[in-house]
$ cat work.csv   # CSV, C-alpha atoms and all ligand atoms
chain,number,residue,atom,x,y,z
O,1,MET,CA,195.5,-10.8,13.3
O,2,ALA,CA,195.2,-7.0,13.0
O,3,LEU,CA,191.8,-5.6,14.0
O,4,TYR,CA,191.4,-3.9,10.6
O,5,SER,CA,192.2,-5.3,7.2
O,6,GLU,CA,194.6,-3.6,4.8
O,7,LYS,CA,191.7,-2.6,2.7
O,8,VAL,CA,189.8,-0.9,5.6
O,9,MET,CA,193.0,1.0,6.5
O,10,ASP,CA,193.5,2.0,2.8
O,11,HIS,CA,190.0,3.3,2.3
O,12,PHE,CA,190.1,5.0,5.7
O,13,ARG,CA,193.4,6.8,4.9
O,14,ASN,CA,192.7,7.5,1.2
O,15,PRO,CA,188.9,7.6,1.0
O,16,ARG,CA,187.6,7.6,-2.6
O,17,ASN,CA,184.8,9.9,-3.8
O,18,VAL,CA,184.8,12.3,-0.9
O,19,GLY,CA,182.8,15.5,-1.4
O,20,VAL,CA,179.6,16.9,-2.7
O,21,ILE,CA,177.9,16.8,-6.1
O,22,GLU,CA,176.3,20.2,-6.5
O,23,ASP,CA,173.8,19.0,-9.2
O,24,ALA,CA,173.1,15.6,-7.7
O,25,ASN,CA,169.7,14.2,-8.5
O,26,ALA,CA,169.6,11.8,-5.5
O,27,VAL,CA,170.8,12.7,-2.0
O,28,GLY,CA,170.4,10.6,1.1
O,29,GLN,CA,171.5,11.1,4.7
O,30,VAL,CA,171.3,8.7,7.5
O,31,GLY,CA,172.7,8.5,11.0
O,32,ASN,CA,173.2,6.0,13.8
O,33,ALA,CA,171.5,7.2,17.0
O,34,LYS,CA,173.8,5.2,19.2
O,35,CYS,CA,177.2,6.4,18.0
O,36,GLY,CA,176.0,9.7,16.5
O,37,ASP,CA,177.8,9.1,13.2
O,38,ILE,CA,176.2,10.7,10.0
O,39,MET,CA,176.6,9.7,6.4
O,40,LYS,CA,175.5,11.6,3.3
O,41,MET,CA,175.5,10.3,-0.2
O,42,TYR,CA,175.2,12.3,-3.4
O,43,LEU,CA,174.4,10.5,-6.7
O,44,LYS,CA,174.3,11.8,-10.2
O,45,ILE,CA,172.1,9.4,-12.2
O,46,GLU,CA,171.7,9.6,-16.0
O,47,ASP,CA,169.8,7.1,-18.1
O,48,GLY,CA,169.5,4.8,-15.1
O,49,ILE,CA,173.2,4.7,-14.5
O,50,ILE,CA,175.1,6.1,-11.5
O,51,GLN,CA,177.5,8.4,-13.4
O,52,ASP,CA,179.0,9.9,-10.3
O,53,VAL,CA,178.8,9.4,-6.5
O,54,LYS,CA,180.3,11.3,-3.6
O,55,PHE,CA,179.9,11.1,0.1
O,56,GLU,CA,180.5,13.1,3.3
O,57,THR,CA,180.8,11.0,6.5
O,58,PHE,CA,181.1,12.5,9.9
O,59,GLY,CA,182.0,9.3,11.7
O,60,CYS,CA,184.4,6.6,12.6
O,61,GLY,CA,187.1,5.1,10.5
O,62,SER,CA,185.0,2.1,9.6
O,63,ALA,CA,182.2,4.3,8.5
O,64,ILE,CA,184.6,6.3,6.3
O,65,ALA,CA,186.0,3.1,4.8
O,66,SER,CA,182.5,1.7,4.3
O,67,SER,CA,181.3,4.8,2.5
O,68,SER,CA,184.4,4.9,0.3
O,69,MET,CA,184.0,1.2,-0.7
O,70,ALA,CA,180.3,1.5,-1.2
O,71,THR,CA,180.8,4.4,-3.6
O,72,GLU,CA,183.3,2.3,-5.6
O,73,LEU,CA,180.9,-0.6,-5.7
O,74,ILE,CA,178.0,1.5,-7.2
O,75,LYS,CA,179.9,3.9,-9.5
O,76,GLY,CA,179.0,3.3,-13.1
O,77,LYS,CA,176.4,0.7,-12.2
O,78,PRO,CA,172.7,0.7,-13.0
O,79,VAL,CA,170.4,2.0,-10.2
O,80,SER,CA,168.8,-1.4,-10.0
O,81,GLU,CA,172.1,-2.9,-9.1
O,82,ALA,CA,172.8,-0.2,-6.5
O,83,MET,CA,169.4,-1.0,-4.9
O,84,LYS,CA,170.7,-4.5,-4.1
O,85,LEU,CA,173.9,-3.4,-2.5
O,86,THR,CA,174.0,-4.9,1.0
O,87,ASN,CA,176.2,-4.0,4.0
O,88,LYS,CA,177.5,-7.6,3.7
O,89,ALA,CA,178.8,-6.9,0.2
O,90,VAL,CA,180.5,-3.8,1.5
O,91,THR,CA,182.0,-5.6,4.4
O,92,GLU,CA,183.2,-8.5,2.2
O,93,ALA,CA,184.8,-6.0,-0.3
O,94,LEU,CA,186.7,-4.5,2.7
O,95,ASP,CA,187.9,-8.0,3.7
O,96,GLY,CA,185.8,-7.8,6.8
O,97,LEU,CA,185.1,-5.6,9.8
O,98,PRO,CA,185.2,-6.4,13.5
O,99,ALA,CA,181.8,-7.5,14.7
O,100,HIS,CA,181.2,-4.3,16.8
O,101,LYS,CA,181.9,-2.3,13.6
O,102,LEU,CA,179.4,-4.0,11.3
O,103,HIS,CA,176.8,-1.3,12.0
O,104,CYS,CA,179.2,1.2,10.2
O,105,SER,CA,178.7,-0.7,6.9
O,106,VAL,CA,175.0,-0.8,7.5
O,107,LEU,CA,175.1,3.0,7.4
O,108,ALA,CA,176.6,2.9,3.9
O,109,GLU,CA,173.8,0.6,2.7
O,110,GLU,CA,171.2,2.8,4.3
O,111,ALA,CA,172.7,6.0,2.9
O,112,ILE,CA,172.5,4.6,-0.7
O,113,GLN,CA,169.0,3.4,-0.1
O,114,ALA,CA,168.0,6.8,1.2
O,115,ALA,CA,169.5,8.5,-1.9
O,116,LEU,CA,167.7,6.1,-4.3
O,117,GLU,CA,164.5,6.7,-2.4
O,118,ASP,CA,165.1,10.5,-2.9
O,119,TYR,CA,165.7,9.8,-6.6
O,120,ARG,CA,162.4,7.9,-6.8
O,121,SER,CA,160.5,10.6,-5.0
O,122,ARG,CA,161.8,13.1,-7.7
O,123,GLY,CA,160.2,10.9,-10.3
O,124,GLY,CA,163.3,8.8,-11.2
O,125,GLU,CA,162.8,5.2,-12.3
O,126,ILE,CA,164.5,2.3,-10.5
O,201,LIG,FE1,179.1,4.4,14.4
O,201,LIG,FE2,181.2,3.5,13.1
O,201,LIG,S1,181.0,3.7,15.2
O,201,LIG,S2,179.3,4.3,12.3

$ encode --input "work.csv" --output "structure tokens"
Amino acid sequence: MALYSEKVMDHFRNPRNVGVIEDANAVGQVGNAKCGDIMKMYLKIEDGIIQDVKFETFGCGSAIASSSMATELIKGKPVSEAMKLTNKAVTEALDGLPAHKLHCSVLAEEAIQAALEDYRSRGGEI
């Protein structure tokens, strides 16, 4: 079996929602001290719904694929649902990641959590 699923390769080669949202009202950045990879998420939240989401990831292919899939999973969803997104759900949506790459999907979960924390600190309701 190939090390990476078709979905991982697809999201790595053609990542969805890459970039910056200039007027984002929730921004979160996290990093992994061991590998040095960094992930930043921008959310535009209106009426409790994630209207738009973009990311910048300076990291490995699995981190890029995880960020891309995570953005797809929360776009158009209520913030309360995005709060519950786990790295397990991201990994499953990608049809799996090798065990030594699971931490890359954790970054995606943490980046979204950090952005939602930022939203809350700005007075947003979750
Ligand atoms: Fe660190 Fe992938 S190797 S995020």

$ residues_around --input "work.csv" --residues "O:Ile112" --least-positions-apart "6" --cutoff "10 Å" --atoms "only C-alpha atoms" --output "PDB file with C-alpha atoms, in the frame of the given file"
ATOM      1  CA  ALA O  26     169.600  11.800  -5.500  1.00  0.00           C
ATOM      2  CA  VAL O  27     170.800  12.700  -2.000  1.00  0.00           C
ATOM      3  CA  GLY O  28     170.400  10.600   1.100  1.00  0.00           C
ATOM      4  CA  GLN O  29     171.500  11.100   4.700  1.00  0.00           C
ATOM      5  CA  VAL O  30     171.300   8.700   7.500  1.00  0.00           C
ATOM      6  CA  MET O  39     176.600   9.700   6.400  1.00  0.00           C
ATOM      7  CA  LYS O  40     175.500  11.600   3.300  1.00  0.00           C
ATOM      8  CA  MET O  41     175.500  10.300  -0.200  1.00  0.00           C
ATOM      9  CA  TYR O  42     175.200  12.300  -3.400  1.00  0.00           C
ATOM     10  CA  LEU O  43     174.400  10.500  -6.700  1.00  0.00           C
ATOM     11  CA  VAL O  53     178.800   9.400  -6.500  1.00  0.00           C
ATOM     12  CA  PHE O  55     179.900  11.100   0.100  1.00  0.00           C
ATOM     13  CA  SER O  67     181.300   4.800   2.500  1.00  0.00           C
ATOM     14  CA  ALA O  70     180.300   1.500  -1.200  1.00  0.00           C
ATOM     15  CA  THR O  71     180.800   4.400  -3.600  1.00  0.00           C
ATOM     16  CA  ILE O  74     178.000   1.500  -7.200  1.00  0.00           C
ATOM     17  CA  ALA O  82     172.800  -0.200  -6.500  1.00  0.00           C
ATOM     18  CA  MET O  83     169.400  -1.000  -4.900  1.00  0.00           C
ATOM     19  CA  LYS O  84     170.700  -4.500  -4.100  1.00  0.00           C
ATOM     20  CA  LEU O  85     173.900  -3.400  -2.500  1.00  0.00           C
ATOM     21  CA  THR O  86     174.000  -4.900   1.000  1.00  0.00           C
ATOM     22  CA  ASP O 118     165.100  10.500  -2.900  1.00  0.00           C
TER      23      ASP O 118
END

$ residues_around --input "work.csv" --residues "O:Ala63" --least-positions-apart "5" --cutoff "9 Å" --atoms "all atoms listed in the file" --output "list of chain:residue names"
O:Phe12, O:Asp37, O:Ile38, O:Met39, O:Thr57, O:Phe58, O:Ser68, O:Lys101, O:His103, O:Cys104, O:Ser105, O:Val106, O:Leu107, O:Ala108

$ closest_residue --input "work.csv" --among "O:Lys54, O:Ile126, O:Lys44, O:Met69" --to "O:Gly19" --atoms "only C-alpha atoms"
O:Lys54

$ atom_distance --input "work.csv" --atom1 "atom CA of O:Cys35" --atom2 "atom CA of O:Ser5"
21.9 Å

$ residues_around --input "work.csv" --residues "O:Ala2" --least-positions-apart "3" --cutoff "12 Å" --atoms "all atoms listed in the file" --output "count of residues only"
9

$ atom_distance --input "work.csv" --atom1 "atom CA of O:Ile45" --atom2 "atom CA of O:Gly124"
8.9 Å

$ closest_residue --input "work.csv" --among "O:Arg122, O:Lys34, O:Lys77, O:Lys88" --to "ligand LIG 201 (chain O)" --atoms "only C-alpha atoms and all ligand atoms"
O:Lys34

$ atom_distance --input "work.csv" --atom1 "atom CA of O:Ile50" --atom2 "atom CA of O:Asn17"
13.0 Å

$ closest_residue --input "work.csv" --among "O:Gly48, O:Gly123, O:Pro78, O:Gly36" --to "ligand LIG 201 (chain O)" --atoms "all atoms listed in the file"
O:Gly36
